[in-house]
Structure formats: C-alpha cells, structure tokens
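So this one's input-v5.cif, mmCIF, C-alpha atoms:
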data_protein
loop_
_atom_site.label_atom_id
_atom_site.label_comp_id
_atom_site.auth_asym_id
_atom_site.auth_seq_id
_atom_site.Cartn_x
_atom_site.Cartn_y
_atom_site.Cartn_z
CA MET T 1 0.00 0.00 0.00
CA THR T 2 1.64 3.23 -1.13
CA SER T 3 1.08 6.91 -0.57
CA GLN T 4 -1.55 7.33 -3.28
CA HIS T 5 -3.95 5.06 -1.39
CA THR T 6 -6.38 6.42 1.19
CA ILE T 7 -6.37 5.26 4.79
CA ALA T 8 -9.35 5.97 7.02
CA VAL T 9 -8.65 6.24 10.74
CA LEU T 10 -11.85 5.84 12.73
CA GLY T 11 -11.33 7.11 16.26
CA LEU T 12 -9.25 10.20 16.94
CA GLY T 13 -8.56 9.90 20.62
CA ARG T 14 -4.93 10.29 21.58
CA MET T 15 -3.88 6.99 20.01
CA GLY T 16 -5.95 7.42 16.87
CA GLU T 17 -4.73 10.97 16.37
CA ALA T 18 -1.13 9.86 16.82
CA VAL T 19 -1.60 7.01 14.32
CA ALA T 20 -3.13 9.35 11.73
CA THR T 21 -0.35 11.87 12.21
CA ARG T 22 2.36 9.21 11.97
CA LEU T 23 0.99 7.73 8.74
CA THR T 24 0.59 11.17 7.19
CA ALA T 25 4.22 11.93 8.04
CA GLN T 26 5.15 8.72 6.19
CA GLY T 27 3.59 10.09 3.00
CA MET T 28 0.21 8.35 3.23
CA HIS T 29 -3.13 10.01 2.56
CA VAL T 30 -5.21 9.81 5.74
CA VAL T 31 -8.81 10.79 6.44
CA GLY T 32 -9.80 10.77 10.09
CA TRP T 33 -13.13 10.63 11.85
CA THR T 34 -14.08 10.67 15.52
CA ARG T 35 -17.37 9.80 17.20
CA THR T 36 -17.26 12.95 19.31
CA GLY T 37 -16.83 15.19 16.28
CA ARG T 38 -13.43 16.40 17.40
CA ALA T 39 -9.93 15.06 17.85
CA ALA T 40 -8.22 14.66 21.21
CA GLY T 41 -6.17 17.81 20.86
CA ARG T 42 -4.94 18.14 17.28
CA THR T 43 -4.48 21.75 16.19
CA SER T 44 -2.48 21.27 12.99
CA GLY T 45 -3.85 20.30 9.59
CA ALA T 46 -1.60 17.24 9.35
CA PHE T 47 -4.37 15.04 7.94
CA ASP T 48 -7.86 15.43 6.54
CA THR T 49 -10.91 14.92 8.72
CA THR T 50 -14.59 14.43 8.05
CA GLY T 51 -17.71 14.45 10.14
CA ASP T 52 -19.15 11.45 8.26
CA PRO T 53 -17.58 8.02 8.84
CA ASN T 54 -19.16 6.71 5.64
CA GLU T 55 -17.35 9.39 3.69
CA ALA T 56 -14.10 8.41 5.42
CA VAL T 57 -14.35 4.75 4.41
CA ALA T 58 -16.00 5.08 0.98
CA LYS T 59 -12.70 5.73 -0.81
CA ALA T 60 -10.42 3.97 1.65
CA ASP T 61 -8.28 1.00 0.72
CA LEU T 62 -7.59 0.41 4.39
CA VAL T 63 -9.62 1.32 7.48
CA LEU T 64 -7.94 1.53 10.89
CA LEU T 65 -10.06 1.25 14.01
CA ALA T 66 -8.59 3.06 17.03
CA LEU T 67 -11.56 2.85 19.40
CA PHE T 68 -12.04 2.44 23.14
CA ASP T 69 -13.62 -1.02 23.35
CA GLY T 70 -15.51 -3.81 21.62
CA PRO T 71 -18.96 -2.17 21.73
CA ALA T 72 -17.48 0.95 20.10
CA CYS T 73 -15.97 -1.21 17.34
CA ARG T 74 -19.29 -2.94 16.67
CA GLN T 75 -21.20 0.34 16.67
CA VAL T 76 -18.85 2.02 14.22
CA LEU T 77 -18.75 -1.00 11.90
CA ASP T 78 -22.56 -1.14 11.94
CA THR T 79 -22.55 2.49 10.82
CA VAL T 80 -20.10 2.10 7.93
CA GLN T 81 -20.70 -1.47 6.77
CA ASP T 82 -22.67 -0.43 3.67
CA SER T 83 -19.92 2.00 2.65
CA LEU T 84 -17.02 -0.44 2.92
CA ARG T 85 -15.75 -1.51 -0.49
CA ALA T 86 -15.47 -5.22 -1.13
CA ASP T 87 -11.68 -5.00 -1.28
CA THR T 88 -11.19 -2.73 1.73
CA VAL T 89 -9.01 -4.10 4.54
CA VAL T 90 -10.09 -3.35 8.12
CA VAL T 91 -7.29 -3.26 10.70
CA ASN T 92 -8.40 -3.13 14.33
CA LEU T 93 -5.82 -1.59 16.67
CA SER T 94 -8.29 -1.44 19.56
CA THR T 95 -8.04 -3.45 22.79
CA VAL T 96 -11.02 -5.80 23.05
CA GLY T 97 -11.75 -9.13 24.69
CA PRO T 98 -10.80 -12.44 23.00
CA ALA T 99 -14.41 -13.36 22.26
CA GLU T 100 -15.04 -9.90 20.81
CA ALA T 101 -11.99 -10.23 18.56
CA SER T 102 -13.18 -13.60 17.28
CA GLU T 103 -16.67 -12.23 16.61
CA LEU T 104 -15.31 -9.28 14.62
CA ALA T 105 -13.10 -11.63 12.59
CA ARG T 106 -16.06 -13.88 11.77
CA ARG T 107 -18.10 -10.86 10.76
CA LEU T 108 -15.55 -9.38 8.35
CA GLY T 109 -13.80 -12.55 7.16
CA VAL T 110 -10.48 -12.38 5.33
CA ALA T 111 -10.73 -8.59 5.04
CA TYR T 112 -10.14 -8.26 8.79
CA ILE T 113 -6.80 -7.89 10.56
CA HIS T 114 -6.78 -7.93 14.32
CA ALA T 115 -3.73 -5.96 15.46
CA PRO T 116 -3.79 -4.73 19.08
CA VAL T 117 -0.72 -2.71 19.94
CA LEU T 118 1.80 -2.55 22.76
CA GLY T 119 2.85 1.02 23.43
CA SER T 120 1.21 4.40 23.83
CA VAL T 121 1.42 7.78 22.11
CA PRO T 122 5.21 8.25 22.29
CA ALA T 123 5.71 4.82 20.68
CA VAL T 124 3.29 5.70 17.88
CA THR T 125 5.13 8.95 17.21
CA ALA T 126 8.45 7.12 17.00
CA GLY T 127 7.07 4.25 14.89
CA ALA T 128 7.99 1.92 17.74
CA LEU T 129 4.73 0.12 18.52
CA HIS T 130 4.60 -3.66 18.74
CA LEU T 131 1.60 -4.93 16.78
CA LEU T 132 0.19 -8.37 17.66
CA THR T 133 -1.19 -9.18 14.23
CA THR T 134 -3.34 -11.98 12.91
CA ALA T 135 -4.47 -11.96 9.28
CA ASP T 136 -4.92 -13.93 6.10
CA PRO T 137 -1.49 -13.89 4.35
CA SER T 138 -2.67 -12.03 1.25
CA THR T 139 -4.56 -9.50 3.36
CA PHE T 140 -1.54 -8.99 5.56
CA ASP T 141 0.69 -8.34 2.54
CA ARG T 142 -1.62 -5.51 1.48
CA ALA T 143 -1.54 -3.89 4.91
CA ARG T 144 2.13 -4.58 5.68
CA PRO T 145 3.50 -1.11 4.70
CA VAL T 146 1.01 0.64 6.95
CA LEU T 147 1.58 -1.70 9.88
CA GLU T 148 5.35 -1.49 9.57
CA ALA T 149 5.14 2.31 9.46
CA LEU T 150 3.70 2.10 12.98
CA GLY T 151 6.24 -0.31 14.43
CA THR T 152 7.28 -3.96 14.65
CA VAL T 153 4.80 -6.61 13.57
CA ARG T 154 4.57 -9.85 15.58
CA ARG T 155 2.40 -12.49 13.90
CA VAL T 156 -0.10 -14.33 16.11
CA ASP T 157 -2.16 -17.40 15.22
CA ASP T 158 -5.68 -16.08 15.69
CA PRO T 159 -7.62 -12.97 16.78
CA ALA T 160 -8.57 -14.36 20.20
CA SER T 161 -4.92 -15.09 21.01
CA ALA T 162 -3.83 -11.64 19.84
CA ALA T 163 -6.49 -10.01 22.03
CA ALA T 164 -5.58 -12.21 25.01
CA LEU T 165 -1.86 -11.48 24.67
CA LYS T 166 -2.55 -7.75 24.65
CA LEU T 167 -4.54 -8.09 27.86
CA ILE T 168 -1.77 -10.15 29.46
CA ALA T 169 0.74 -7.46 28.54
CA ASN T 170 -1.44 -4.81 30.14
CA SER T 171 -1.84 -7.02 33.21
CA GLY T 172 1.93 -6.92 33.62
CA LEU T 173 1.79 -3.14 33.29
CA ALA T 174 -0.96 -2.89 35.92
CA GLY T 175 1.04 -5.08 38.27
CA SER T 176 4.11 -2.90 37.80
CA VAL T 177 2.12 0.26 38.53
CA LEU T 178 0.78 -1.23 41.75
CA ALA T 179 4.23 -2.53 42.72
CA LEU T 180 5.54 1.01 42.25
CA ARG T 181 2.68 2.28 44.41
CA ASP T 182 3.62 -0.12 47.20
CA SER T 183 7.29 0.88 47.01
CA LEU T 184 6.46 4.58 47.21
CA GLN T 185 4.10 4.08 50.12
CA GLN T 186 6.76 2.13 52.03
CA ALA T 187 9.31 4.84 51.26
CA ASP T 188 6.92 7.48 52.58
CA ALA T 189 6.32 5.44 55.75
CA LEU T 190 10.09 5.25 56.29
CA GLY T 191 10.43 9.02 55.95
CA LEU T 192 12.41 8.89 52.70
CA SER T 193 12.08 11.77 50.28
CA ARG T 194 10.02 11.06 47.16
CA THR T 195 12.85 12.27 44.93
CA GLN T 196 15.37 9.99 46.62
CA ALA T 197 13.05 7.00 46.40
CA LEU T 198 12.34 7.60 42.70
CA ASP T 199 16.05 7.98 41.96
CA ILE T 200 16.73 4.54 43.43
CA LEU T 201 13.66 2.86 41.93
CA GLU T 202 14.71 4.17 38.54
CA LEU T 203 17.86 2.05 38.81
CA GLY T 204 15.95 -1.20 39.38
CA HIS T 205 13.40 -3.43 37.69
CA LEU T 206 10.74 -0.70 37.71
CA GLY T 207 13.17 1.78 36.17
CA GLY T 208 11.54 2.05 32.76
CA LEU T 209 8.14 2.75 34.26
CA VAL T 210 9.57 5.32 36.68
CA THR T 211 11.40 7.08 33.85
CA ARG T 212 8.28 7.26 31.67
CA LYS T 213 5.93 8.32 34.45
CA ARG T 214 8.13 10.41 36.73
CA SER T 215 6.47 13.69 35.74
CA PHE T 216 3.20 12.38 37.22
CA LEU T 217 4.70 11.15 40.46
CA GLY T 218 5.91 14.46 41.81
CA SER T 219 8.41 15.19 44.53
CA GLU T 220 6.00 14.69 47.44
CA PRO T 221 3.41 12.03 48.37
CA ALA T 222 0.18 12.45 46.43
CA THR T 223 -3.14 13.61 47.79
CA ASP T 224 -6.50 12.84 46.20
CA THR T 225 -7.28 15.09 43.24
CA THR T 226 -10.42 14.51 41.23
CA VAL T 227 -10.32 15.17 37.51
CA THR T 228 -13.55 15.85 35.65
CA THR T 229 -14.03 13.54 32.66
CA ALA T 230 -16.99 15.32 31.09
CA ASP T 231 -16.31 16.60 27.57
CA LEU T 232 -13.24 14.38 27.15
CA PRO T 233 -13.08 12.39 23.88
CA THR T 234 -14.07 8.75 24.27
CA ASP T 235 -12.48 7.17 21.20
CA SER T 236 -9.28 6.15 22.94
CA THR T 237 -7.18 6.60 26.05
CA VAL T 238 -7.57 10.27 26.87
CA GLY T 239 -7.03 12.01 30.17
CA PHE T 240 -5.59 14.90 32.11
CA THR T 241 -4.20 15.15 35.61
CA VAL T 242 -1.99 17.45 37.63
CA GLY T 243 -1.10 19.50 34.57
CA PHE T 244 0.02 16.57 32.39
CA THR T 245 -1.87 14.86 29.60
CA ALA T 246 -2.32 11.14 30.13
CA ASP T 247 -0.62 8.69 27.77
CA PHE T 248 -2.74 5.81 29.09
CA THR T 249 -5.66 6.40 31.42
CA ILE T 250 -6.77 4.54 34.51
CA GLU T 251 -10.17 4.11 32.84
CA ALA T 252 -8.61 2.34 29.85
CA LEU T 253 -6.34 0.09 31.92
CA SER T 254 -9.21 -0.78 34.27
CA LYS T 255 -11.35 -1.64 31.26
CA ASP T 256 -8.63 -3.95 29.98
CA MET T 257 -8.23 -5.67 33.34
CA ASN T 258 -11.98 -6.23 33.58
CA LEU T 259 -11.87 -7.78 30.10
CA LEU T 260 -9.03 -10.06 31.19
CA ALA T 261 -10.76 -11.13 34.40
CA ALA T 262 -13.96 -11.89 32.49
CA ALA T 263 -12.16 -13.81 29.74
CA SER T 264 -10.05 -15.92 32.12
CA ASP T 265 -12.74 -16.32 34.79
CA THR T 266 -9.87 -15.99 37.25
CA PRO T 267 -9.52 -13.43 40.09
CA LEU T 268 -7.34 -10.48 39.18
CA ARG T 269 -6.18 -8.39 42.13
CA CYS T 270 -5.20 -5.34 40.10
CA VAL T 271 -8.84 -4.74 39.08
CA SER T 272 -9.67 -3.52 42.58
CA GLY T 273 -6.24 -1.97 42.99
CA LEU T 274 -6.93 0.47 40.16
CA ALA T 275 -10.49 1.25 41.14
CA ASP T 276 -9.92 4.12 43.57
CA ALA T 277 -6.79 5.70 42.12
CA PRO T 278 -6.54 9.47 42.71
CA GLY T 279 -7.28 11.72 39.77
CA GLY T 280 -10.30 9.80 38.56
CA PRO T 281 -10.71 7.62 35.46
CA ALA T 282 -9.23 10.20 33.07
CA ALA T 283 -5.93 10.38 34.97
CA ASP T 284 -2.79 8.71 33.70
CA ILE T 285 -2.10 5.24 35.09
CA ALA T 286 0.85 6.72 36.99
CA MET T 287 -1.64 8.26 39.41
CA ALA T 288 -2.45 4.75 40.64
CA ALA T 289 1.19 4.54 41.72
CA ALA T 290 0.90 7.91 43.44
CA ALA T 291 -2.10 6.82 45.55
CA PRO T 292 -1.93 7.76 49.23
CA PRO T 293 -1.55 4.92 51.76
CA VAL T 294 -4.43 3.25 53.56
CA ALA T 295 -5.92 5.67 56.06
CA ASP T 296 -4.98 5.27 59.71
CA ALA T 297 -8.68 4.99 60.53
CA VAL T 298 -8.88 1.69 58.62
CA LEU T 299 -5.70 0.40 60.27
CA ALA T 300 -6.80 1.39 63.78
CA PRO T 301 -8.84 -1.76 64.58
CA LEU T 302 -6.10 -3.99 63.16
CA ARG T 303 -3.53 -2.28 65.36
CA ALA T 304 -5.84 -2.65 68.37
CA TYR T 305 -6.10 -6.35 67.53
CA ILE T 306 -2.30 -6.60 67.53
CA ARG T 307 -2.14 -4.84 70.91
CA GLY T 308 -4.66 -7.34 72.27
CA HIS T 309 -2.39 -10.25 71.35
CA ALA T 310 0.72 -8.44 72.60
CA THR T 311 -0.76 -7.64 76.01
CA GLY T 312 -3.38 -10.33 76.49
CA ASP T 313 -5.81 -7.54 77.45
CA PRO T 314 -9.35 -8.29 76.13
CA GLY T 315 -10.14 -4.59 76.18
CA HIS T 316 -8.07 -4.03 73.05
CA PHE T 317 -10.11 -6.66 71.23
CA ARG T 318 -13.33 -4.95 72.26
CA VAL T 319 -12.00 -1.79 70.63
CA ALA T 320 -11.07 -3.73 67.50
CA PHE T 321 -14.22 -5.84 66.98
CA LEU T 322 -17.90 -5.12 66.61
CA PRO T 323 -19.86 -6.69 69.50
CA THR T 324 -21.57 -9.00 66.97
CA ALA T 325 -18.30 -10.30 65.52
CA HIS T 326 -17.52 -13.98 65.12
CA ILE T 327 -14.11 -15.65 64.96
CA GLU T 328 -13.98 -18.80 62.88
CA GLY T 329 -11.44 -21.46 62.03
CA VAL T 330 -10.37 -25.04 62.69
CA ARG T 331 -9.09 -25.78 66.21
CA ASP T 332 -7.82 -29.24 67.09
CA GLY T 333 -9.41 -30.61 63.93
CA VAL T 334 -12.85 -29.16 64.69
CA PHE T 335 -14.47 -26.11 63.06
CA VAL T 336 -15.27 -23.42 65.62
CA SER T 337 -17.34 -20.25 65.30
CA TRP T 338 -16.94 -18.22 68.45
CA PRO T 339 -18.98 -15.15 69.36
CA LEU T 340 -16.74 -12.35 70.58
CA ASP T 341 -17.17 -12.98 74.30
CA GLU T 342 -16.25 -16.65 73.94
CA TYR T 343 -13.12 -15.69 71.98
CA LEU T 344 -12.12 -13.10 74.56
CA ALA T 345 -12.29 -15.73 77.30
CA LEU T 346 -9.04 -17.11 75.82
CA PHE T 347 -7.17 -13.98 77.01
CA HIS T 348 -6.30 -13.38 80.68
CA GLY T 349 -4.86 -9.88 80.79
CA ARG T 350 -1.19 -10.75 80.51
CA PRO T 351 1.22 -11.36 77.63
CA ALA T 352 2.15 -14.87 76.55
CA PRO T 353 5.36 -16.15 78.19
CA ASP T 354 7.15 -16.11 74.83
CA GLU T 355 5.77 -12.72 73.70
CA ALA T 356 9.29 -11.39 73.16
CA ILE T 357 9.78 -13.71 70.18
CA ARG T 358 6.25 -13.46 68.75
CA SER T 359 5.46 -11.23 65.75
CA ARG T 360 2.44 -9.94 63.84
CA ARG T 361 2.35 -8.31 60.41
CA ILE T 362 -0.45 -6.67 58.45
CA ASP T 363 -0.07 -8.05 54.92
CA THR T 364 -2.89 -6.57 52.87
CA VAL T 365 -5.70 -4.06 53.25
CA ASP T 366 -8.22 -3.43 50.47
CA VAL T 367 -10.81 -0.72 51.02
CA HIS T 368 -14.08 -0.62 49.08
CA GLY T 369 -16.11 2.32 50.29
CA SER T 370 -17.58 1.39 53.65
CA VAL T 371 -16.13 -2.15 53.77
CA ALA T 372 -12.59 -3.47 53.71
CA THR T 373 -10.75 -6.77 53.78
CA ALA T 374 -7.39 -7.39 55.39
CA THR T 375 -4.97 -10.23 56.01
CA MET T 376 -2.38 -10.62 58.73
CA THR T 377 0.40 -13.09 59.52
CA LEU T 378 0.98 -14.01 63.17
CA ARG T 379 4.01 -16.00 64.30
CA HIS T 380 3.30 -17.33 67.77
CA GLY T 381 6.08 -19.67 68.81
CA ALA T 382 5.92 -22.81 66.71
CA ASP T 383 2.58 -21.75 65.24
CA THR T 384 1.99 -19.49 62.26
CA PHE T 385 -1.50 -18.13 61.59
CA THR T 386 -3.05 -16.34 58.65
CA ASP T 387 -5.92 -14.16 59.81
CA VAL T 388 -8.46 -12.84 57.32
CA PHE T 389 -10.65 -9.91 58.38
CA LEU T 390 -13.82 -8.28 57.16
CA LEU T 391 -14.04 -4.68 58.35
CA VAL T 392 -16.93 -2.22 58.14
CA ARG T 393 -17.25 1.48 58.76
CA ALA T 394 -20.14 2.19 61.10
CA ASP T 395 -20.83 5.41 62.97
CA ASP T 396 -17.72 6.95 61.36
CA ARG T 397 -15.50 4.29 62.87
CA TRP T 398 -13.89 1.21 61.39
CA ARG T 399 -14.35 -2.10 63.25
CA ILE T 400 -13.67 -5.76 62.52
CA ALA T 401 -16.97 -7.45 61.67
CA ASN T 402 -15.61 -11.00 61.40
CA LYS T 403 -12.34 -12.90 61.45
CA ALA T 404 -11.42 -16.26 59.98
CA TYR T 405 -8.06 -17.86 60.59
CA HIS T 406 -5.88 -20.68 59.34
CA ARG T 407 -3.27 -22.35 61.52
CA HIS T 408 -0.35 -23.50 59.39
CA PRO T 409 1.34 -26.83 60.13
CA PRO T 410 4.35 -26.41 62.44
CA ARG T 411 7.60 -25.81 60.67
CA SER T 412 9.85 -28.84 60.66
#
Output the file's structure in the form of structure tokens.
Amino acid sequence: MTSQHTIAVLGLGRMGEAVATRLTAQGMHVVGWTRTGRAAGRTSGAFDTTGDPNEAVAKADLVLLALFDGPACRQVLDTVQDSLRADTVVVNLSTVGPAEASELARRLGVAYIHAPVLGSVPAVTAGALHLLTTADPSTFDRARPVLEALGTVRRVDDPASAAALKLIANSGLAGSVLALRDSLQQADALGLSRTQALDILELGHLGGLVTRKRSFLGSEPATDTTVTTADLPTDSTVGFTVGFTADFTIEALSKDMNLLAAASDTPLRCVSGLADAPGGPAADIAMAAAAPPVADAVLAPLRAYIRGHATGDPGHFRVAFLPTAHIEGVRDGVFVSWPLDEYLALFHGRPAPDEAIRSRRIDTVDVHGSVATATMTLRHGADTFTDVFLLVRADDRWRIANKAYHRHPPRS
C-alpha cells in the first residue's frame, strides 16, 4: 500500500490521532473521523478529517479502528458497513476481549486484521509500537507497509490469542504500577524523600516505568485530586491530571483488566487496585502509583487487635471488633465459630510467656467504600497463623466485623 492510497482512521482519541499523524508523516493520505466530532487535541492540519464516517471509508483501501472497546468497534462497523468496499481491509488496533476479537473476525472474514498494539502515544510517534497481528497472508501483505510504518509486527495465530496477549501485557503493566505504588508508600512510611526513592527505583526493575511516568509522580506524596471527565473524547485513552496529559488512562487500563478477568474467569487483584486511584478515570495510570496509603482509621482496629495479642488484654479486642463479631477457624481438627465474648475468654490480661519472640504483620488491606478486607500473619512460637478480616465502617469508625483464621502446620 503506497502513498496514493487512502487510509481511514476511525477514532481520533490520543492513540488514533497519533496514528493518523504518523501515517501522514510517512507520506500516506489519511482521512480521520471521531465519534465525538473532534480530535483529542490536534491543532495542525496534518491530515484530513470528516464528520461522516461513511465518507471516510468510501474511498479507503484500508480502514484503521482506534476505538475504546468492543462495543465501540461494533457500533462504528454497523454504521459504515454499507460504505465499505469489497476490497477494503479493516485493521483493528483497539483493545477488546478475546471473544469480541473472534466475533469481529467472523463478521468481516479475510478482510479483517486484528492488530492490538503494545505502546502508547510516544511509541506511535516514533514508529515503535509492537503490533500483535493476525491476518490472512494475502490481506496482511496488502496492509504490511502501513503496519510497519507504525512499528514492529509480531504475527499471532488467531484474533482471540492476539487479544488475550494484549490483555496479558497490560496485566503486567498494571502489576508494575501497583508494585511502584507499594514501594512509594513504604518509602513514605520510612520518611524517605520522594525524589530519593524515585532515583533509586529508577535504577531497578521498575526503572523504565519510573522514567516514563516520573512527571506524574511528583516530589511529594500524592493527595487525592479529582479530575472531571466530562467533555473528554471517548475514542481512545484520553485524560488529564496534575497539569500533564495522560498517555494511558486509569479508565482504559481498568477496562482492559476487567476484560481479562472476564475472559479468564480468574480473580485479578489489580482490578480492585486500580479502582480508587486518585485523579479519577481520566488520569494517567501513573496516578495509581501515586495513591496515598491506607488511612490510619482503617488500620486502627487492626492495630488494636495486635495490641490485644501483645498484652493479652481483652479490652483491646473490644475496641477492634464489633460486639456482633464472630471468629472462625479449625481448632484441634474441629471447626469453631466463636462469638466475641467466647473468643475473649481465651485472654487473661497478661502477655504470653514467649511474647518477646512473637510477631504480627499486616499483609494486605483493600478498602471498598464502607467495607474493607485485610490479612495478617501471626508467628506465635511454633505456630503461624493467617488471619483474614472483614471490616466495616459504622458510625464513622472502622471495626472488625468478622475474622477467619488458618493455623499452618508447624515448621519442621
């Protein structure tokens, strides 16, 4: 496909705009269209635009979809299907679920190329995307010049696999963002400066992410800042936070992780980890790494619970638990479900004889509005316990509603 051919780019969010600009710079004739009627922020006349998607595709040899999700792809294809020429190739750069990718491929047949991309706007601009591409060989040959103008093509067996691999890649990204969040929160708790912590993290395994996202992370711990998403384009990953334009938004990454969890039918921790990131859905994914730590109010009952074990004083447990709480687990091979008073009868107001060598550690806390879950590891002599808590906020105070525990076999 050479420069005299027309390429229609449907979806002019930040990615779509960057794709259209890149292809135009490579000497290709591009006509762009966006569902919102405007591009994400383009001010130059680098490529032609139209307000009618049918006009964009009517003369196009190749149509690129750069849309937010599967429903958007279906909606746009429904709109333009009668205007697509019989020989037009449709290349879908969008991130959709595996089943959605297969359905689109069945619908369009050999004219369809599924090609989700790894990389955001800077990679598009540099022609450095990685495209996970599945296509009929003859169709691929027709689209090859356009795809290679955007980056490196990696052939994949089928559309569902290409879609799944893109989601797996984004899962790794989400995990890295949340790992960076944990590192920054620990650094803050240790009194280290944000700049110092970022300098060191940039030298390690998270270095690439820190380098790319450092402008969002600031020199001080973040506080919650809500960003209004009204009036933002919805064709692609668009956002704005703390004075910087998002390369990849929390909304888009959360969407991808929900797609992955649904496709795999397997729990995915980062789905909830991204849910309450500061800056709102239009913020860059880096804002999830800049999230403030769990509030002391949520930790207060867990710390009171630790004091109860350390001192043997039942009063600390009464502070920690709701009066209706139950404690459940297997004791001496028998399942027990104690009401609070029965559990407190195990404590006699004095520390255990070996308290000096006992330890307790809060491992996880996940807050969801007025409820939270937490886990804790307790090493009590030869015994190690995992405690799992359900907490609720009632009367402006957090309390433990229930606890379940597992006693691990003694270490040999």
- Task: Have a look at CA of Thr95 (chain T) and CA of Val117 (chain T) and let me know their distance in Å, one decimal.
- Result: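 Between CA of Thr95 (chain T) and CA of Val117 (chain T) the gap works out to 7.9 Å.
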- Exercise: Leu391 (chain T) partners within 7 Å, all atoms listed in the file, chain neighbours under 5 positions left out, as a VMD selection string: chain T and resid 371 to 373 398 to 401
Would you export the selected residues with C-alpha atoms as a CSV table (one decimal), in the frame of the given file, please?
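Generated file (part_28.csv):
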chain,number,residue,atom,x,y,z
T,371,VAL,CA,-16.1,-2.2,53.8
T,372,ALA,CA,-12.6,-3.5,53.7
T,373,THR,CA,-10.8,-6.8,53.8
T,398,TRP,CA,-13.9,1.2,61.4
T,399,ARG,CA,-14.4,-2.1,63.2
T,400,ILE,CA,-13.7,-5.8,62.5
T,401,ALA,CA,-17.0,-7.4,61.7
- Rounded to one decimal in Å, what is the spacing between CA of Ala300 (chain T) and CA of Asp354 (chain T)?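 A separation of 25.0 Å between them.
Between CA of Asp157 (chain T) and CA of Ala261 (chain T) the interatomic distance comes to 21.9 Å.
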- Kindly indicate which residue among T:Thr6, T:Thr49, T:Asn402, T:Thr139 lies nearest to Leu302 (chain T), using only C-alpha atoms for the distances.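 Comparing T:Thr6, T:Thr49, T:Asn402, T:Thr139 against Leu302 (chain T), the winner is T:Asn402.
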- Resolved residues for the PyMOL selection byres ((chain T and resi 174-177) around 8) as a PyMOL selection string: chain T and resi 170-173+178-181+206+209+253+270+285-286+288-289
- Compile the contact shell of region 184-194 of chain T as a list in words: residues with an atom at most 12 Å away, counting all atoms listed in the file, same-chain residues fewer than 5 positions apart removed.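 Listed by chain and then number, they are Val177, Leu178, Ala179, Asp199, Ile200, Leu201, Glu202, Leu206, Val210, Arg214, Leu217, Gly218, Ser219, Glu220, Pro221, Ala222, Ala286, Met287, Ala288, Ala289, Ala290, Ala291, Pro292, Pro293, Val294, Ala295 and Asp296 of chain T.
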- Residue with the minimum atom-to-atom distance to Ala382 (chain T), picked from T:Pro409, T:Val367, T:Thr125, T:Phe321 with all atoms listed in the file counted, is T:Pro409
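Applied to the shown file, the PyMOL selection byres ((chain T and resi 312) around 8) selects the residues Arg307, Gly308, His309, Ala310, Thr311, Asp313, Pro314, Phe347, His348, Gly349, Arg350, Pro351 and Ala352 of chain T.
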- Message: Could you list, as a VMD selection string, every residue within 10 Å of Leu67 (chain T), counting only C-alpha atoms and ignoring same-chain residues fewer than 6 positions away?
- Response: chain T and resid 9 to 13 15 to 16 34 to 35 73 76 92 to 96 234 to 237
- Message: Using the chain letters and numbers from this file, what does the PyMOL selection byres ((chain T and resi 53) around 12) select? Give the answer as number ranges by chain.
- Response: T: 8-12, 31-37, 49-52, 54-60, 63-65, 75-84
- Query: If I put a ball of radius 12 Å at (2.0, 13.5, 11.7) in the file's coordinates, which residues poke into it when counting only C-alpha atoms, written as a ChimeraX atom specification?
  - Reply: /T:16-30,42-48,121,124-127,149-150
